Amino acid sequence: MAHPGVADAFLSAEPGHGGQSEVAFVAIDPDHLSAGKAKHLQAESDRRVAQWRRAFDQAYRHDADGVVPSFVGWTSNFTNRPIPEPDMVDWLDHTILQIRALGARRLLEIGCGVGLLVEKLAPGCDVYCGTDLSPVAVQRLRAFAQSKPELRHVEFLEREAADLSGLPLNSFDAVVLNSVVQYFPGIEYLHLVLEQHAGLVAPGGHIFVGDVRNLELLPVFHREVQSAKVSGATDAALARKIFLSIAQERELVIDPRYFQGISGSIRRISGAEILLKRGSSYELTRYRYDVVLRVDREAASADSENSSLVPDMKQGESEGRPLATDPMAAAFLQHLGMELGDVLQAQFPDAKLPAAVIALNQRDFAEIVQASSNAPGNPGDNELIEASV
């Protein structure tokens with residue numbers, strides 16, 4: 001059955017636990033991908049917010065008997081096991097030092113979780129407000145804060161990052177988003193959040209964006225993760241796994257160039273400082289960075305009001321260097337690949353069909369076709385097939 005969204009397709013024999021199996025890679029027409037993203041954007045954004053809320057709630061409930069705050073939910077991508085606590089403590093200590101250096105006495109934390117920052121920073125603040133998606137986290141933190149005299153001035157609000165209701169302008173010295181932006185649905189949402197929260201920061205204050213996954217290091221990250229997990233794979237098979245891990249990345253991973261250019265489109269932000277992660281933990285420091293954005297009411301340029309929502313995004317894409325991953329596109333393509341597989345199964349129930357259908361944008365599809373054609377092996381291992389799925 002022909003599918004209007006499929007521009008091209010490629011059938012490949014992929015190694016598996018039970019031997020080789022065929023996988024179909026399909027290139028999705030850009031207009032179809034754009035329309036699909038637009039159509040499903042709000043629903044997918046709501047689904048992701050709900051998904052993360054459930055995940056955090058389950059993690060916190062699982063640790064219901066633990067002492068708040070804790071490092072619940074921090075799992076290594078390399079081992080799928082909890083990151084060792086000494087590494088987490090070291091990571092936290094260095095993060096605390098970075099934020100304290102801002103000298104904020106009135107602090108708003110977005111995504112306060114189970115209070116790792118609250119416990120360390122709030123006693124030294126006159127005003128501290130923490131927000132989080134998870135009602136379980138907020139309830140536990142409220143109870144924890146009430147049990148500690150030095151934390152009883154802290155206010156906790158259950159809400160998403162873009163909800164500023166009830167928070168007055170210029171009311172904070174700093175806004176902190178630490179290790180949360182990777183869960184945002186896209187760079188546009190992050191930009192909106194930063195633009196809104198810049199209005200809450202008094203002139204001379206800061207926005208601290210911590211633990212940002214580095215797009216420049218994403219290939220290195222996935223190469224090392226896959227190398228740690230896969231044993232006995234050929235170089236070509238390992239390269240394919242790495243490529244697909246990058247193409248299907250479901251978290252927001254950001255090039256530092258985005259923050260370096262942000263003052264051109266958010267009037268109250270006058271500059272950005274990119275900070276290297278400090279500490280001993282390999283996974284928590286090697287592939288991430290921190291950002292300090294300076295807030296200044298007088299920093300607006302003459303043409304700021306006419307600037308695009310996300311600075312230089314199209315320019316970066318035209319240079320072949322996007323400023324961030326696109327979690328919504330990855331989610332839509334994954335859903336579409338499963339949908340196409342179901343269509344094939346329903347249309348041809350008795351036929352030998354590919355074990356999986358992987359939908360890609362045209363750029364990634366072209367790269368995987370080229371990589372397969374250059375890989376050593378039998379000429380008949382891979383073949384192009386008609387785009388009729």
# chains A, B, ... in the order shown; residues from 1 in each chain; ligands from 1

call {"tool": "residues_around", "arguments": {"residues": "Phe71 of chain A", "least_positions_apart": "4", "cutoff": "9 Å", "atoms": "only C-alpha atoms", "output": "VMD selection string"}}
result
chain A and resid 82 to 83 85 88 to 89 114 116

call {"tool": "write_last_selection", "arguments": {"atoms": "N, CA and C atoms", "output": "PDB file, in the first residue's frame"}}
result
ATOM      1  N   PRO A  82      22.247   2.489  38.983  1.00  0.00           N
ATOM      2  CA  PRO A  82      22.387   3.799  39.614  1.00  0.00           C
ATOM      3  C   PRO A  82      23.827   4.300  39.576  1.00  0.00           C
ATOM      4  N   ILE A  83      23.985   5.589  39.311  1.00  0.00           N
ATOM      5  CA  ILE A  83      25.314   6.183  39.333  1.00  0.00           C
ATOM      6  C   ILE A  83      25.839   6.132  40.769  1.00  0.00           C
ATOM      7  N   GLU A  85      27.030   6.791  44.388  1.00  0.00           N
ATOM      8  CA  GLU A  85      26.714   7.966  45.196  1.00  0.00           C
ATOM      9  C   GLU A  85      27.894   8.924  45.351  1.00  0.00           C
ATOM     10  N   MET A  88      27.783  11.202  42.504  1.00  0.00           N
ATOM     11  CA  MET A  88      26.649  12.116  42.580  1.00  0.00           C
ATOM     12  C   MET A  88      26.927  13.235  43.587  1.00  0.00           C
ATOM     13  N   VAL A  89      27.514  12.890  44.718  1.00  0.00           N
ATOM     14  CA  VAL A  89      27.834  13.904  45.736  1.00  0.00           C
ATOM     15  C   VAL A  89      28.833  14.909  45.181  1.00  0.00           C
ATOM     16  N   VAL A 114      13.574  16.232  44.232  1.00  0.00           N
ATOM     17  CA  VAL A 114      13.455  15.865  45.648  1.00  0.00           C
ATOM     18  C   VAL A 114      14.312  16.756  46.538  1.00  0.00           C
ATOM     19  N   LEU A 116      17.572  18.308  46.050  1.00  0.00           N
ATOM     20  CA  LEU A 116      19.024  18.258  46.161  1.00  0.00           C
ATOM     21  C   LEU A 116      19.623  19.656  46.309  1.00  0.00           C
TER      22      LEU A 116
END

call {"tool": "residues_around", "arguments": {"residues": "segment 272-287 of chain A", "least_positions_apart": "3", "cutoff": "7 Å", "atoms": "only C-alpha atoms", "output": "list in words"}}
result
Asp87, Asp90, Trp91, His94, Arg213, Asn214, Leu217, Phe221, Phe259, Gln260, Asp290, Val291, Val292, Leu293 and Arg294 of chain A

call {"tool": "write_last_selection", "arguments": {"atoms": "N, CA and C atoms", "output": "PDB file, in the first residue's frame"}}
result
ATOM      1  N   ASP A  87      30.072   9.753  43.181  1.00  0.00           N
ATOM      2  CA  ASP A  87      30.074  10.572  41.971  1.00  0.00           C
ATOM      3  C   ASP A  87      28.952  11.599  42.011  1.00  0.00           C
ATOM      4  N   ASP A  90      29.839  14.412  44.474  1.00  0.00           N
ATOM      5  CA  ASP A  90      30.852  15.289  43.885  1.00  0.00           C
ATOM      6  C   ASP A  90      30.213  16.217  42.851  1.00  0.00           C
ATOM      7  N   TRP A  91      29.346  15.668  42.011  1.00  0.00           N
ATOM      8  CA  TRP A  91      28.623  16.465  40.998  1.00  0.00           C
ATOM      9  C   TRP A  91      27.782  17.542  41.676  1.00  0.00           C
ATOM     10  N   HIS A  94      29.893  20.526  43.282  1.00  0.00           N
ATOM     11  CA  HIS A  94      30.395  21.498  42.310  1.00  0.00           C
ATOM     12  C   HIS A  94      29.265  22.356  41.744  1.00  0.00           C
ATOM     13  N   ARG A 213      23.105  18.932  28.148  1.00  0.00           N
ATOM     14  CA  ARG A 213      23.779  17.949  27.296  1.00  0.00           C
ATOM     15  C   ARG A 213      24.334  18.652  26.056  1.00  0.00           C
ATOM     16  N   ASN A 214      25.578  18.343  25.708  1.00  0.00           N
ATOM     17  CA  ASN A 214      26.309  19.066  24.669  1.00  0.00           C
ATOM     18  C   ASN A 214      26.145  18.390  23.307  1.00  0.00           C
ATOM     19  N   LEU A 217      29.184  17.045  21.511  1.00  0.00           N
ATOM     20  CA  LEU A 217      29.763  15.801  22.019  1.00  0.00           C
ATOM     21  C   LEU A 217      28.808  14.612  21.908  1.00  0.00           C
ATOM     22  N   PHE A 221      29.503  10.709  22.840  1.00  0.00           N
ATOM     23  CA  PHE A 221      28.725  10.083  23.906  1.00  0.00           C
ATOM     24  C   PHE A 221      28.118   8.761  23.444  1.00  0.00           C
ATOM     25  N   PHE A 259      23.230  29.336  23.227  1.00  0.00           N
ATOM     26  CA  PHE A 259      23.291  30.252  24.365  1.00  0.00           C
ATOM     27  C   PHE A 259      24.174  31.458  24.052  1.00  0.00           C
ATOM     28  N   GLN A 260      25.224  31.251  23.258  1.00  0.00           N
ATOM     29  CA  GLN A 260      26.103  32.362  22.926  1.00  0.00           C
ATOM     30  C   GLN A 260      25.390  33.414  22.082  1.00  0.00           C
ATOM     31  N   ASP A 290      27.487  23.867  31.918  1.00  0.00           N
ATOM     32  CA  ASP A 290      26.595  24.790  32.596  1.00  0.00           C
ATOM     33  C   ASP A 290      26.616  26.128  31.859  1.00  0.00           C
ATOM     34  N   VAL A 291      25.558  26.905  32.050  1.00  0.00           N
ATOM     35  CA  VAL A 291      25.469  28.224  31.423  1.00  0.00           C
ATOM     36  C   VAL A 291      24.987  29.232  32.456  1.00  0.00           C
ATOM     37  N   VAL A 292      25.618  30.393  32.490  1.00  0.00           N
ATOM     38  CA  VAL A 292      25.140  31.512  33.293  1.00  0.00           C
ATOM     39  C   VAL A 292      24.737  32.629  32.339  1.00  0.00           C
ATOM     40  N   LEU A 293      23.446  32.979  32.353  1.00  0.00           N
ATOM     41  CA  LEU A 293      22.922  34.059  31.525  1.00  0.00           C
ATOM     42  C   LEU A 293      22.789  35.307  32.392  1.00  0.00           C
ATOM     43  N   ARG A 294      23.318  36.425  31.932  1.00  0.00           N
ATOM     44  CA  ARG A 294      23.256  37.684  32.666  1.00  0.00           C
ATOM     45  C   ARG A 294      22.007  38.459  32.245  1.00  0.00           C
TER      46      ARG A 294
END

call {"tool": "select_by_dssp", "arguments": {"residues": "segment 132-283 of chain A", "states": "strand (DSSP E)", "output": "MDAnalysis selection string"}}
result
chainID A and resid 132 155:158 172:178 201:213 269:276

call {"tool": "atom_distance", "arguments": {"atom1": "atom CA of Asp57 of chain A", "atom2": "atom CA of Val136 of chain A"}}
result
5.7 Å

call {"tool": "residues_around", "arguments": {"residues": "Val181 of chain A", "least_positions_apart": "6", "cutoff": "9 Å", "atoms": "only C-alpha atoms", "output": "short mmCIF file (atom, residue, chain, number, x, y, z; two decimals) with C-alpha atoms, in the first residue's frame"}}
result
data_model
loop_
_atom_site.label_atom_id
_atom_site.label_comp_id
_atom_site.auth_asym_id
_atom_site.auth_seq_id
_atom_site.Cartn_x
_atom_site.Cartn_y
_atom_site.Cartn_z
CA LEU A 190 13.29 26.25 26.20
CA VAL A 209 21.04 26.55 33.22
CA GLY A 210 22.89 23.54 34.55
CA ASP A 211 23.79 20.10 33.27
CA VAL A 212 23.04 20.86 29.61
CA ARG A 213 23.78 17.95 27.30
CA GLU A 251 16.14 14.29 24.80
CA LEU A 252 16.95 17.94 24.11
CA VAL A 253 20.69 18.21 23.43
#
